[in-house]
Structures are given as C-alpha cells and as structure tokens.
$ cat start.cif   # mmCIF, C-alpha atoms
data_work
loop_
_atom_site.group_PDB
_atom_site.id
_atom_site.type_symbol
_atom_site.label_atom_id
_atom_site.label_comp_id
_atom_site.auth_asym_id
_atom_site.auth_seq_id
_atom_site.Cartn_x
_atom_site.Cartn_y
_atom_site.Cartn_z
ATOM 1 C CA MET A 548 -10.701 -8.245 -4.341
ATOM 2 C CA LYS A 549 -9.548 -11.478 -2.768
ATOM 3 C CA TRP A 550 -6.830 -11.158 -0.128
ATOM 4 C CA GLU A 551 -7.146 -14.377 1.838
ATOM 5 C CA ALA A 552 -4.842 -17.018 3.278
ATOM 6 C CA ASP A 553 -5.690 -19.423 0.474
ATOM 7 C CA SER A 554 -5.239 -16.861 -2.337
ATOM 8 C CA LYS A 555 -2.957 -18.365 -4.980
ATOM 9 C CA VAL A 556 0.071 -16.144 -5.545
ATOM 10 C CA LEU A 557 2.501 -15.941 -8.457
ATOM 11 C CA ILE A 558 5.840 -14.089 -8.218
ATOM 12 C CA GLN A 559 7.055 -12.523 -11.464
ATOM 13 C CA GLY A 560 10.804 -11.936 -11.259
ATOM 14 C CA ILE A 561 11.296 -14.557 -8.575
ATOM 15 C CA THR A 562 15.004 -15.060 -9.398
ATOM 16 C CA ASN A 563 15.765 -11.374 -8.843
ATOM 17 C CA PRO A 564 17.274 -10.529 -5.426
ATOM 18 C CA LEU A 565 13.992 -9.364 -3.872
ATOM 19 C CA GLY A 566 12.164 -12.398 -5.230
ATOM 20 C CA ILE A 567 14.724 -14.858 -3.914
ATOM 21 C CA SER A 568 14.874 -13.145 -0.511
ATOM 22 C CA TYR A 569 11.168 -12.761 0.157
ATOM 23 C CA ALA A 570 9.648 -15.777 -1.624
ATOM 24 C CA ALA A 571 10.944 -18.231 0.969
ATOM 25 C CA ARG A 572 10.023 -15.931 3.871
ATOM 26 C CA MET A 573 6.473 -15.424 2.622
ATOM 27 C CA LYS A 574 6.043 -19.144 2.020
ATOM 28 C CA ASN A 575 7.294 -19.940 5.532
ATOM 29 C CA GLN A 576 4.739 -17.452 6.903
ATOM 30 C CA GLY A 577 1.953 -19.298 5.097
ATOM 31 C CA THR A 578 1.519 -17.295 1.896
ATOM 32 C CA ASN A 579 0.212 -19.652 -0.783
ATOM 33 C CA ILE A 580 2.895 -19.098 -3.437
ATOM 34 C CA VAL A 581 2.096 -21.544 -6.217
ATOM 35 C CA ALA A 582 4.586 -20.515 -8.926
ATOM 36 C CA GLY A 583 7.311 -18.125 -9.977
ATOM 37 C CA ILE A 584 8.288 -16.611 -13.307
ATOM 38 C CA THR A 585 11.814 -16.008 -14.564
ATOM 39 C CA LEU A 586 13.338 -15.285 -17.960
ATOM 40 C CA ASP A 587 16.650 -17.040 -17.309
ATOM 41 C CA GLY A 588 15.224 -20.472 -18.169
ATOM 42 C CA GLN A 589 17.756 -22.222 -15.932
ATOM 43 C CA THR A 590 15.812 -22.698 -12.680
ATOM 44 C CA ASP A 591 13.204 -25.409 -12.087
ATOM 45 C CA GLN A 592 12.226 -24.452 -8.547
ATOM 46 C CA ILE A 593 13.127 -22.272 -5.568
ATOM 47 C CA ASP A 594 12.292 -23.513 -2.059
ATOM 48 C CA GLY A 595 9.799 -25.939 -3.536
ATOM 49 C CA ILE A 596 8.116 -23.251 -5.694
ATOM 50 C CA PRO A 597 7.889 -24.362 -9.355
ATOM 51 C CA ILE A 598 9.448 -21.909 -11.812
ATOM 52 C CA PHE A 599 8.177 -21.149 -15.328
ATOM 53 C CA THR A 600 9.171 -18.782 -18.123
ATOM 54 C CA LEU A 601 5.611 -17.813 -19.089
ATOM 55 C CA VAL A 602 2.610 -16.946 -16.915
ATOM 56 C CA GLU A 603 0.376 -18.920 -19.266
ATOM 57 C CA GLU A 604 2.453 -22.058 -18.585
ATOM 58 C CA ALA A 605 2.150 -21.528 -14.834
ATOM 59 C CA VAL A 606 -1.637 -21.171 -15.038
ATOM 60 C CA LYS A 607 -1.890 -24.378 -17.086
ATOM 61 C CA GLN A 608 0.116 -26.265 -14.472
ATOM 62 C CA VAL A 609 -1.267 -24.879 -11.196
ATOM 63 C CA GLY A 610 -4.693 -23.605 -12.224
ATOM 64 C CA GLU A 611 -6.256 -20.160 -11.797
ATOM 65 C CA ILE A 612 -4.022 -17.654 -9.965
ATOM 66 C CA ASP A 613 -5.461 -14.857 -7.808
ATOM 67 C CA ILE A 614 -2.535 -12.457 -7.378
ATOM 68 C CA SER A 615 0.745 -11.669 -9.115
ATOM 69 C CA LEU A 616 3.537 -10.082 -7.094
ATOM 70 C CA ILE A 617 5.817 -8.249 -9.539
ATOM 71 C CA VAL A 618 9.467 -7.763 -8.559
ATOM 72 C CA THR A 619 11.001 -7.496 -12.031
ATOM 73 C CA PRO A 620 13.347 -4.639 -13.019
ATOM 74 C CA PRO A 621 11.438 -1.387 -13.722
ATOM 75 C CA TYR A 622 11.647 -1.611 -17.520
ATOM 76 C CA GLU A 623 10.122 -5.125 -17.450
ATOM 77 C CA VAL A 624 7.085 -4.259 -15.307
ATOM 78 C CA LEU A 625 4.828 -3.289 -18.225
ATOM 79 C CA ASP A 626 5.377 -6.589 -20.046
ATOM 80 C CA ALA A 627 5.005 -8.551 -16.802
ATOM 81 C CA GLY A 628 1.746 -6.836 -15.934
ATOM 82 C CA LEU A 629 0.266 -7.224 -19.402
ATOM 83 C CA GLU A 630 1.232 -10.896 -19.452
ATOM 84 C CA ALA A 631 -0.405 -11.469 -16.052
ATOM 85 C CA MET A 632 -3.621 -9.760 -17.166
ATOM 86 C CA ALA A 633 -3.660 -11.750 -20.414
ATOM 87 C CA ALA A 634 -3.498 -14.926 -18.312
ATOM 88 C CA GLY A 635 -6.565 -13.854 -16.317
ATOM 89 C CA ILE A 636 -4.896 -12.668 -13.101
ATOM 90 C CA LYS A 637 -7.081 -9.933 -11.602
ATOM 91 C CA GLN A 638 -4.834 -8.537 -8.864
ATOM 92 C CA LEU A 639 -1.309 -7.201 -9.321
ATOM 93 C CA VAL A 640 1.008 -5.987 -6.559
ATOM 94 C CA ILE A 641 3.946 -4.077 -8.053
ATOM 95 C CA VAL A 642 6.836 -3.962 -5.603
ATOM 96 C CA THR A 643 9.262 -2.598 -8.192
ATOM 97 C CA SER A 644 9.758 1.156 -7.850
ATOM 98 C CA ARG A 645 10.728 3.795 -10.415
ATOM 99 C CA VAL A 646 8.656 2.202 -13.143
ATOM 100 C CA PRO A 647 8.620 4.510 -16.221
ATOM 101 C CA PRO A 648 5.464 6.629 -15.787
ATOM 102 C CA LEU A 649 4.195 6.050 -19.321
ATOM 103 C CA ASP A 650 4.588 2.290 -18.845
ATOM 104 C CA LEU A 651 2.505 2.421 -15.688
ATOM 105 C CA ILE A 652 -0.146 4.596 -17.341
ATOM 106 C CA THR A 653 -0.396 2.033 -20.158
ATOM 107 C CA LEU A 654 -0.745 -0.733 -17.588
ATOM 108 C CA LEU A 655 -3.452 1.143 -15.682
ATOM 109 C CA GLU A 656 -5.399 1.747 -18.900
ATOM 110 C CA GLN A 657 -5.328 -1.981 -19.667
ATOM 111 C CA ALA A 658 -6.332 -2.729 -16.076
ATOM 112 C CA GLN A 659 -9.493 -0.680 -16.577
ATOM 113 C CA ILE A 660 -10.356 -2.730 -19.650
ATOM 114 C CA THR A 661 -9.721 -6.074 -17.928
ATOM 115 C CA ASN A 662 -11.122 -5.019 -14.530
ATOM 116 C CA THR A 663 -7.775 -5.721 -12.855
ATOM 117 C CA PHE A 664 -6.793 -4.286 -9.470
ATOM 118 C CA ILE A 665 -3.267 -2.823 -9.211
ATOM 119 C CA LEU A 666 -1.411 -1.943 -6.009
ATOM 120 C CA GLY A 667 1.777 0.065 -6.609
ATOM 121 C CA SER A 668 4.186 0.678 -8.169
ATOM 122 C CA GLY A 669 6.816 0.886 -5.460
ATOM 123 C CA SER A 670 4.463 -0.855 -3.015
ATOM 124 C CA GLU A 671 5.743 -2.802 -0.018
ATOM 125 C CA GLY A 672 2.603 -4.927 -0.327
ATOM 126 C CA LEU A 673 -0.170 -5.654 2.135
ATOM 127 C CA LEU A 674 -0.430 -7.518 5.404
ATOM 128 C CA VAL A 675 -3.163 -8.831 7.691
ATOM 129 C CA PRO A 676 -1.220 -9.811 10.840
ATOM 130 C CA GLY A 677 -1.364 -13.520 11.556
ATOM 131 C CA GLN A 678 -3.368 -14.226 8.401
ATOM 132 C CA PHE A 679 -1.861 -12.937 5.171
ATOM 133 C CA TRP A 680 1.462 -11.400 4.109
ATOM 134 C CA LEU A 681 2.301 -10.378 0.583
ATOM 135 C CA GLY A 682 5.246 -8.133 -0.252
ATOM 136 C CA ILE A 683 8.393 -6.883 1.445
ATOM 137 C CA MET A 684 7.125 -5.625 4.806
ATOM 138 C CA GLU A 685 8.662 -7.040 7.969
ATOM 139 C CA PRO A 686 5.853 -9.138 9.518
ATOM 140 C CA GLU A 687 7.521 -9.466 12.926
ATOM 141 C CA PHE A 688 6.769 -5.765 13.554
ATOM 142 C CA TYR A 689 3.019 -6.296 13.142
ATOM 143 C CA THR A 690 0.522 -7.776 15.605
ATOM 144 C CA THR A 691 -3.223 -8.341 15.441
ATOM 145 C CA GLY A 692 -5.241 -5.366 16.627
ATOM 146 C CA PRO A 693 -7.629 -2.500 15.848
ATOM 147 C CA VAL A 694 -5.481 -0.083 13.808
ATOM 148 C CA GLY A 695 -5.644 0.105 10.009
ATOM 149 C CA MET A 696 -2.560 1.545 8.292
ATOM 150 C CA ILE A 697 -2.208 3.154 4.863
ATOM 151 C CA SER A 698 1.179 4.418 3.710
ATOM 152 C CA ARG A 699 2.749 6.211 0.768
ATOM 153 C CA CYS A 700 6.147 6.453 2.483
ATOM 154 C CA ASP A 701 9.048 4.145 1.728
ATOM 155 C CA ARG A 702 9.706 1.738 4.660
ATOM 156 C CA LEU A 703 8.210 4.027 7.308
ATOM 157 C CA MET A 704 5.194 1.778 7.912
ATOM 158 C CA ASP A 705 7.326 -0.976 9.463
ATOM 159 C CA GLU A 706 8.737 1.451 12.016
ATOM 160 C CA VAL A 707 5.313 2.869 12.882
ATOM 161 C CA ALA A 708 3.790 -0.622 13.171
ATOM 162 C CA LYS A 709 6.543 -1.591 15.601
ATOM 163 C CA THR A 710 5.921 1.472 17.798
ATOM 164 C CA LEU A 711 2.183 0.741 17.825
ATOM 165 C CA SER A 712 2.688 -2.944 18.622
ATOM 166 C CA GLN A 713 4.983 -2.063 21.514
ATOM 167 C CA VAL A 714 2.133 -0.197 23.254
ATOM 168 C CA GLY A 715 -0.432 -2.926 22.578
ATOM 169 C CA LEU A 716 -2.017 -1.403 19.480
ATOM 170 C CA GLY A 717 -1.881 -4.107 16.826
ATOM 171 C CA GLN A 718 -3.008 -3.741 13.254
ATOM 172 C CA SER A 719 -6.107 -4.948 11.417
ATOM 173 C CA LEU A 720 -4.718 -4.285 7.932
ATOM 174 C CA ALA A 721 -1.572 -2.612 6.598
ATOM 175 C CA ILE A 722 -1.419 -1.299 3.022
ATOM 176 C CA SER A 723 1.498 0.262 1.148
ATOM 177 C CA LEU A 724 0.277 2.260 -1.853
ATOM 178 C CA GLY A 725 3.771 2.835 -3.200
ATOM 179 C CA CYS A 726 5.782 6.038 -3.303
ATOM 180 C CA ASP A 727 6.020 6.510 -7.087
ATOM 181 C CA ALA A 728 4.318 9.532 -8.693
ATOM 182 C CA VAL A 729 1.896 7.318 -10.655
ATOM 183 C CA MET A 730 0.090 4.645 -8.651
ATOM 184 C CA GLY A 731 -2.733 2.175 -9.004
ATOM 185 C CA SER A 732 -5.121 2.004 -6.039
ATOM 186 C CA ASN A 733 -5.384 5.175 -3.978
ATOM 187 C CA PHE A 734 -5.982 6.377 -0.428
ATOM 188 C CA GLU A 735 -9.718 6.768 -0.980
ATOM 189 C CA GLN A 736 -10.260 3.107 -1.905
ATOM 190 C CA TRP A 737 -8.472 1.778 1.174
ATOM 191 C CA LEU A 738 -9.918 4.384 3.514
ATOM 192 C CA GLN A 739 -13.381 3.179 2.526
ATOM 193 C CA ILE A 740 -12.380 -0.467 3.012
ATOM 194 C CA MET A 741 -11.131 0.333 6.518
ATOM 195 C CA GLU A 742 -14.222 2.413 7.257
ATOM 196 C CA GLU A 743 -16.373 -0.650 6.508
ATOM 197 C CA ASP A 744 -14.092 -3.159 8.265
ATOM 198 C CA GLU A 745 -15.526 -4.119 11.660
ATOM 199 C CA THR A 746 -12.089 -4.956 13.118
ATOM 200 C CA THR A 747 -10.658 -1.510 12.380
ATOM 201 C CA GLU A 748 -11.265 1.108 15.088
ATOM 202 C CA ALA A 749 -8.791 3.779 13.958
ATOM 203 C CA ILE A 750 -6.741 4.548 10.843
ATOM 204 C CA VAL A 751 -3.109 5.668 10.672
ATOM 205 C CA PHE A 752 -2.360 7.637 7.508
ATOM 206 C CA LEU A 753 1.285 8.030 6.396
ATOM 207 C CA GLY A 754 1.798 10.318 3.430
ATOM 208 C CA GLN A 755 3.891 12.869 1.622
ATOM 209 C CA PRO A 756 3.318 16.505 2.542
ATOM 210 C CA TYR A 757 3.361 18.245 -0.833
ATOM 211 C CA SER A 758 1.514 16.036 -3.324
ATOM 212 C CA SER A 759 -2.075 15.885 -4.503
ATOM 213 C CA PRO A 760 -3.030 12.292 -3.440
ATOM 214 C CA GLU A 761 -2.785 13.278 0.233
ATOM 215 C CA LEU A 762 -4.845 16.422 -0.334
ATOM 216 C CA LEU A 763 -7.537 14.430 -2.150
ATOM 217 C CA ALA A 764 -7.479 11.882 0.672
ATOM 218 C CA ALA A 765 -8.005 14.638 3.249
ATOM 219 C CA GLN A 766 -11.040 15.865 1.328
ATOM 220 C CA TYR A 767 -12.379 12.312 1.139
ATOM 221 C CA ILE A 768 -11.931 11.790 4.884
ATOM 222 C CA ASP A 769 -13.887 14.977 5.509
ATOM 223 C CA ALA A 770 -16.721 13.790 3.265
ATOM 224 C CA ALA A 771 -16.950 10.050 3.923
ATOM 225 C CA ILE A 772 -14.892 8.708 6.852
ATOM 226 C CA GLU A 773 -16.303 8.618 10.375
ATOM 227 C CA LYS A 774 -13.613 6.546 12.099
ATOM 228 C CA PRO A 775 -10.785 8.499 13.753
ATOM 229 C CA VAL A 776 -7.725 9.111 11.580
ATOM 230 C CA ILE A 777 -4.182 9.925 12.706
ATOM 231 C CA ALA A 778 -1.860 11.377 10.054
ATOM 232 C CA TYR A 779 1.901 11.708 9.883
ATOM 233 C CA LEU A 780 3.542 13.473 6.946
ATOM 234 C CA PRO A 781 7.354 13.266 7.306
ATOM 235 C CA GLY A 782 9.340 16.089 5.779
ATOM 236 C CA LEU A 783 6.680 18.701 6.407
ATOM 237 C CA GLN A 784 9.238 21.214 7.672
ATOM 238 C CA ALA A 785 11.737 20.596 4.885
ATOM 239 C CA PRO A 786 12.105 23.548 2.464
ATOM 240 C CA ILE A 787 10.804 23.063 -1.070
ATOM 241 C CA THR A 788 13.635 23.556 -3.545
ATOM 242 C CA ARG A 789 12.166 21.813 -6.611
ATOM 243 C CA SER A 790 8.903 21.489 -8.525
ATOM 244 C CA PHE A 791 6.264 19.097 -7.241
ATOM 245 C CA GLY A 792 6.425 15.627 -8.751
ATOM 246 C CA ASP A 793 2.909 15.104 -10.074
ATOM 247 C CA ALA A 794 0.993 16.987 -12.762
ATOM 248 C CA THR A 795 -1.841 18.220 -10.530
ATOM 249 C CA SER A 796 0.552 19.826 -8.049
ATOM 250 C CA ILE A 797 2.741 21.345 -10.782
ATOM 251 C CA ILE A 798 -0.275 23.046 -12.368
ATOM 252 C CA ALA A 799 -1.615 24.151 -8.981
ATOM 253 C CA SER A 800 1.733 25.658 -8.022
ATOM 254 C CA GLN A 801 1.890 27.617 -11.272
ATOM 255 C CA LEU A 802 -1.666 28.957 -11.008
ATOM 256 C CA SER A 803 -1.734 29.721 -7.301
ATOM 257 C CA TYR A 804 -1.228 33.296 -6.075
ATOM 258 C CA GLN A 805 -1.067 32.254 -2.423
ATOM 259 C CA THR A 806 2.098 32.646 -0.407
ATOM 260 C CA GLU A 807 4.479 29.695 -0.353
ATOM 261 C CA THR A 808 3.857 29.094 3.359
ATOM 262 C CA THR A 809 0.110 28.850 2.776
ATOM 263 C CA ARG A 810 0.541 26.459 -0.129
ATOM 264 C CA GLU A 811 2.925 24.236 1.784
ATOM 265 C CA ASN A 812 0.390 23.694 4.566
ATOM 266 C CA GLN A 813 -2.783 23.156 2.515
ATOM 267 C CA THR A 814 -2.750 19.376 3.070
ATOM 268 C CA ILE A 815 -2.399 19.806 6.836
ATOM 269 C CA THR A 816 -5.165 22.423 6.773
ATOM 270 C CA ALA A 817 -7.447 20.023 4.893
ATOM 271 C CA LEU A 818 -6.630 17.161 7.286
ATOM 272 C CA LYS A 819 -7.383 19.316 10.335
ATOM 273 C CA LYS A 820 -10.652 20.425 8.753
ATOM 274 C CA ALA A 821 -11.549 16.739 8.395
ATOM 275 C CA GLY A 822 -10.903 16.195 12.109
ATOM 276 C CA VAL A 823 -7.688 14.240 11.567
ATOM 277 C CA LYS A 824 -5.180 14.188 14.435
ATOM 278 C CA ILE A 825 -1.744 15.298 13.224
ATOM 279 C CA ALA A 826 1.390 13.606 14.580
ATOM 280 C CA ASN A 827 4.556 15.711 14.513
ATOM 281 C CA THR A 828 6.882 12.748 15.133
ATOM 282 C CA VAL A 829 6.732 8.961 14.886
ATOM 283 C CA GLU A 830 6.630 8.859 18.702
ATOM 284 C CA ASP A 831 3.431 10.908 18.680
ATOM 285 C CA ILE A 832 1.559 8.314 16.611
ATOM 286 C CA PRO A 833 0.983 5.665 19.339
ATOM 287 C CA LYS A 834 0.023 8.370 21.863
ATOM 288 C CA LEU A 835 -2.606 9.885 19.582
ATOM 289 C CA THR A 836 -3.812 6.477 18.402
ATOM 290 C CA LYS A 837 -4.223 5.142 21.930
ATOM 291 C CA ARG A 838 -6.198 8.243 22.861
ATOM 292 C CA VAL A 839 -8.637 8.020 19.929
ATOM 293 C CA VAL A 840 -9.110 4.247 20.285
ATOM 294 C CA SER A 841 -9.910 4.617 23.998
ATOM 295 C CA SER A 842 -12.332 7.443 23.215
ATOM 296 C CA GLN A 843 -13.962 5.384 20.469
ATOM 297 C CA ARG A 844 -14.449 2.419 22.809
ATOM 298 C CA ARG A 845 -15.954 4.598 25.552
ATOM 299 C CA ARG A 846 -18.373 6.055 23.034
ATOM 300 C CA SER A 847 -19.357 2.569 21.847
ATOM 301 C CA ARG A 848 -20.049 1.427 25.419
ATOM 302 C CA THR A 849 -22.180 4.521 26.049
ATOM 303 C CA ILE A 850 -24.228 3.883 22.888
ATOM 304 C CA LYS A 851 -24.821 0.235 23.877
ATOM 305 C CA LYS A 852 -26.118 1.283 27.308
#
$ encode --input "start.cif" --output "structure tokens"
Amino acid sequence: MKWEADSKVLIQGITNPLGISYAARMKNQGTNIVAGITLDGQTDQIDGIPIFTLVEEAVKQVGEIDISLIVTPPYEVLDAGLEAMAAGIKQLVIVTSRVPPLDLITLLEQAQITNTFILGSGSEGLLVPGQFWLGIMEPEFYTTGPVGMISRCDRLMDEVAKTLSQVGLGQSLAISLGCDAVMGSNFEQWLQIMEEDETTEAIVFLGQPYSSPELLAAQYIDAAIEKPVIAYLPGLQAPITRSFGDATSIIASQLSYQTETTRENQTITALKKAGVKIANTVEDIPKLTKRVVSSQRRRSRTIKK
C-alpha cells in the first residue's frame, strides 16, 4: 500500500456534492489530486483539477495513478471500481455508503484477482495528521501524536479525535473502515499495521456492538496485538429489536442457545479477555488513553535502563 503525500489521487464522481465539497479542501491541505471523473461531460476542471469522462483517459494524460477516491452514487460504485482496476489503479477508497451488497462482493472478488486494496464502502477515508488526508474526515480535529484510530462508526471518529487532541493526545493514523455490512479491508489488517508502526503507542478501536467484525477483531487482538487498545462500542445498552445485519451473526443468533444477555455481551467479553480497556462514554476515551500511554512510556523507560 502507498499512502504518502505524493500519492497521485483520482476522484471518481467529482461533480457530485461530496466530490465538489471535499476535492478543493483536500487539495488545499496538500493532497495530490491529479484528476477527476464525471459522466456529465460538461466540466473541464474544478479548482484546477482536470476532469475526464473515462479513467483510462485520465491515466493517459496524467500518468500512473495510485489511489481512486469513489464518491459516485451507490449504484455506480461497481462500474467505477471495475473501471479503476482495469486502468491499473491498485487502491480504492469507497466513500459512498449503502452500496448494493452483491455489487460490493463482485468488486471484492475482482480486487482479489487484480491484487487491489479496497477501503470501504461507506468509509470516511484515512488521515495521517499533517501529512496526508484522503476522504471526508475533518482534519482540523486531528493533531500529530501517538494514538492510532480505527473506526466502523459513522462520523464518530472526528468527535473522538477532537477529544483526544484537546488533552494533548494526537493521532499517528486514523482509518475509517466504513459502516456498511460488507467491507473491504478489515480491523485485523489495520491493527497489524498499527502494531508495527513505531509512531503508534496506543490504539483506539471504535466499533459496533453486535456484529461479527468486532468479535473477530477482539480475537485477533488477543492473539497478535501487544500495544494497548481502548475500545468504545456505542449503542451497547440499546435493546436489540431486529436481526443482526451480517450473515455470520444471523447464523450465530439462530444456532445459539445462550441467553440474549450473554449473546449481547460476547464482543465485550472477548475484548476484556484480550486486555482491551472498555470506554463507556466518549469522555472516557481520553482518560483511558492517557493512562495507557503514560504506562507504556514508563515501561519503555524502565526497559531502556
């Protein structure tokens, strides 16, 4: 994966409201946006960004492109992603949410064939404070620091980043996986990246309380992650009045003979088993994070002595 300041970025759906709003902001923050794609055929450029109707045309004009940011309507995401992969783009960030699940599954199958990395759908993007911003996060809430953030909650990461920044805990890397039922990259991939990143001292994990990706992530943390992790799962106390949204959880709920209370808390149980600190409110996150970072630094100083 290449997520660097000089990465060449294409925006598919740039004339849609999100594209128009965020393209100029990202460019002003230093994101290297080299081209945009639109199907209206009536726009030559937006804020100095050249506009094309085909990805292949853009690649011919500007050269090899590293990343495509997709902000098309949901029913156009499959075609946009396939077109980007056909043009040799190896990293796709799908901001569009509510993509038809079968479309996304088709896209993920093609991504395996072409060795393409997909973040999303429904992702807010990724951000390295002061270095790289791609997506629809609010960069003014983020500052450089030791905390890695991974989220599968819509818009919550901005609020948490702001509360951390206010107490002097900036971020090393912030990743939004997307909140749709089907997604590309998962918690495990980014947890491992943050585990290996020397600038990350602690990880803040924002997830959904009743779905299988968070449970799998908890098991992975227990098996492979040594850095301290703080988790917040909003909606944990809300009653369940409908079936779970993903196939694994639906099957598990049908086969399980445990009480409902036990089933509702299995993700929290798995996180606690892995040594993860659980935040009950957003306000708890900076308190717990500050505590584990301080403890981690004291331990590092002791080891060096």
$ resolve_selection --input "start.cif" --expression "the PyMOL selection byres ((chain A and resi 642) around 12)" --output "MDAnalysis selection string"
chainID A and resid 558:561 565:566 569 615:621 624 628 639:641 643:646 665:673 681:684 701 723:727 730:731
$ resolve_selection --input "start.cif" --expression "the PyMOL selection byres ((chain A and resi 843) around 12)" --output "list in words"
Pro693, Thr747, Glu748, Ala749, Glu773, Lys774, Pro775, Val776, Thr836, Lys837, Arg838, Val839, Val840, Ser841, Ser842, Arg844, Arg845, Arg846, Ser847, Arg848, Thr849 and Ile850 of chain A
$ atom_distance --input "start.cif" --atom1 "CA of Thr746 (chain A)" --atom2 "CA of Val675 (chain A)"
11.1 Å
$ residues_near_point --input "start.cif" --point "(-1.1, 12.7, 15.1)" --cutoff "6 Å" --atoms "all atoms listed in the file" --output "MDAnalysis selection string"
chainID A and resid 777:778 824:826 832 835
$ residues_near_point --input "start.cif" --point "(1.2, -20.1, -16.7)" --cutoff "10 Å" --atoms "all atoms listed in the file" --output "list in words"
Leu557, Ala582, Gly583, Ile584, Ile598, Phe599, Thr600, Leu601, Val602, Glu603, Glu604, Ala605, Val606, Lys607, Gln608, Val609, Gly610, Glu611, Ile612, Glu630, Ala631, Ala634 and Gly635 of chain A
$ write_last_selection --input "start.cif" --atoms "C-alpha atoms" --output "CSV table (one decimal), in the coordinates of the input"
chain,number,residue,atom,x,y,z
A,557,LEU,CA,2.5,-15.9,-8.5
A,582,ALA,CA,4.6,-20.5,-8.9
A,583,GLY,CA,7.3,-18.1,-10.0
A,584,ILE,CA,8.3,-16.6,-13.3
A,598,ILE,CA,9.4,-21.9,-11.8
A,599,PHE,CA,8.2,-21.1,-15.3
A,600,THR,CA,9.2,-18.8,-18.1
A,601,LEU,CA,5.6,-17.8,-19.1
A,602,VAL,CA,2.6,-16.9,-16.9
A,603,GLU,CA,0.4,-18.9,-19.3
A,604,GLU,CA,2.5,-22.1,-18.6
A,605,ALA,CA,2.2,-21.5,-14.8
A,606,VAL,CA,-1.6,-21.2,-15.0
A,607,LYS,CA,-1.9,-24.4,-17.1
A,608,GLN,CA,0.1,-26.3,-14.5
A,609,VAL,CA,-1.3,-24.9,-11.2
A,610,GLY,CA,-4.7,-23.6,-12.2
A,611,GLU,CA,-6.3,-20.2,-11.8
A,612,ILE,CA,-4.0,-17.7,-10.0
A,630,GLU,CA,1.2,-10.9,-19.5
A,631,ALA,CA,-0.4,-11.5,-16.1
A,634,ALA,CA,-3.5,-14.9,-18.3
A,635,GLY,CA,-6.6,-13.9,-16.3
$ resolve_selection --input "start.cif" --expression "the PyMOL selection byres ((chain A and resi 770) around 12)" --output "PyMOL selection string"
chain A and resi 735+738-739+763-769+771-774+817-818+820-822
$ write_last_selection --input "start.cif" --atoms "C-alpha atoms" --output "mmCIF file, in the coordinates of the input"
data_model
loop_
_atom_site.group_PDB
_atom_site.id
_atom_site.type_symbol
_atom_site.label_atom_id
_atom_site.label_comp_id
_atom_site.auth_asym_id
_atom_site.auth_seq_id
_atom_site.Cartn_x
_atom_site.Cartn_y
_atom_site.Cartn_z
ATOM 1 C CA GLU A 735 -9.718 6.768 -0.980
ATOM 2 C CA LEU A 738 -9.918 4.384 3.514
ATOM 3 C CA GLN A 739 -13.381 3.179 2.526
ATOM 4 C CA LEU A 763 -7.537 14.430 -2.150
ATOM 5 C CA ALA A 764 -7.479 11.882 0.672
ATOM 6 C CA ALA A 765 -8.005 14.638 3.249
ATOM 7 C CA GLN A 766 -11.040 15.865 1.328
ATOM 8 C CA TYR A 767 -12.379 12.312 1.139
ATOM 9 C CA ILE A 768 -11.931 11.790 4.884
ATOM 10 C CA ASP A 769 -13.887 14.977 5.509
ATOM 11 C CA ALA A 771 -16.950 10.050 3.923
ATOM 12 C CA ILE A 772 -14.892 8.708 6.852
ATOM 13 C CA GLU A 773 -16.303 8.618 10.375
ATOM 14 C CA LYS A 774 -13.613 6.546 12.099
ATOM 15 C CA ALA A 817 -7.447 20.023 4.893
ATOM 16 C CA LEU A 818 -6.630 17.161 7.286
ATOM 17 C CA LYS A 820 -10.652 20.425 8.753
ATOM 18 C CA ALA A 821 -11.549 16.739 8.395
ATOM 19 C CA GLY A 822 -10.903 16.195 12.109
#
$ residues_around --input "start.cif" --residues "Val556 (chain A)" --least-positions-apart "6" --cutoff "7 Å" --atoms "only C-alpha atoms" --output "PDB file with C-alpha atoms, in the coordinates of the input"
ATOM      1  CA  ASN A 579       0.212 -19.652  -0.783  1.00  0.00           C
ATOM      2  CA  ILE A 580       2.895 -19.098  -3.437  1.00  0.00           C
ATOM      3  CA  VAL A 581       2.096 -21.544  -6.217  1.00  0.00           C
ATOM      4  CA  ILE A 612      -4.022 -17.654  -9.965  1.00  0.00           C
ATOM      5  CA  ASP A 613      -5.461 -14.857  -7.808  1.00  0.00           C
ATOM      6  CA  ILE A 614      -2.535 -12.457  -7.378  1.00  0.00           C
ATOM      7  CA  SER A 615       0.745 -11.669  -9.115  1.00  0.00           C
TER       8      SER A 615
END
$ residues_around --input "start.cif" --residues "region 714-719 of chain A" --least-positions-apart "4" --cutoff "6 Å" --atoms "all atoms listed in the file" --output "short mmCIF file (atom, residue, chain, number, x, y, z; two decimals) with C-alpha atoms, in the frame of the given file"
data_model
loop_
_atom_site.label_atom_id
_atom_site.label_comp_id
_atom_site.auth_asym_id
_atom_site.auth_seq_id
_atom_site.Cartn_x
_atom_site.Cartn_y
_atom_site.Cartn_z
CA THR A 690 0.52 -7.78 15.60
CA THR A 691 -3.22 -8.34 15.44
CA GLY A 692 -5.24 -5.37 16.63
CA PRO A 693 -7.63 -2.50 15.85
CA VAL A 694 -5.48 -0.08 13.81
CA GLY A 695 -5.64 0.10 10.01
CA THR A 747 -10.66 -1.51 12.38
#
$ atom_distance --input "start.cif" --atom1 "CA of Leu720 (chain A)" --atom2 "CA of Met696 (chain A)"
6.2 Å
$ closest_residue --input "start.cif" --among "A:Ile636, A:Ile660, A:Val729, A:Ile750" --to "Pro833 (chain A)" --atoms "all atoms listed in the file"
A:Ile750
$ closest_residue --input "start.cif" --among "A:Gln784, A:Ser759, A:Ser732, A:Thr710" --to "Asp831 (chain A)" --atoms "all atoms listed in the file"
A:Thr710
$ atom_distance --input "start.cif" --atom1 "CA of Glu742 (chain A)" --atom2 "CA of Gly782 (chain A)"
27.3 Å
$ axis_aligned_box --input "start.cif" --around "region 631-641 of chain A" --padding-each-side "6 Å" --output "JSON"
{"center_x": -1.6, "center_y": -9.5, "center_z": -13.5, "size_x": 23.0, "size_y": 22.8, "size_z": 25.9}
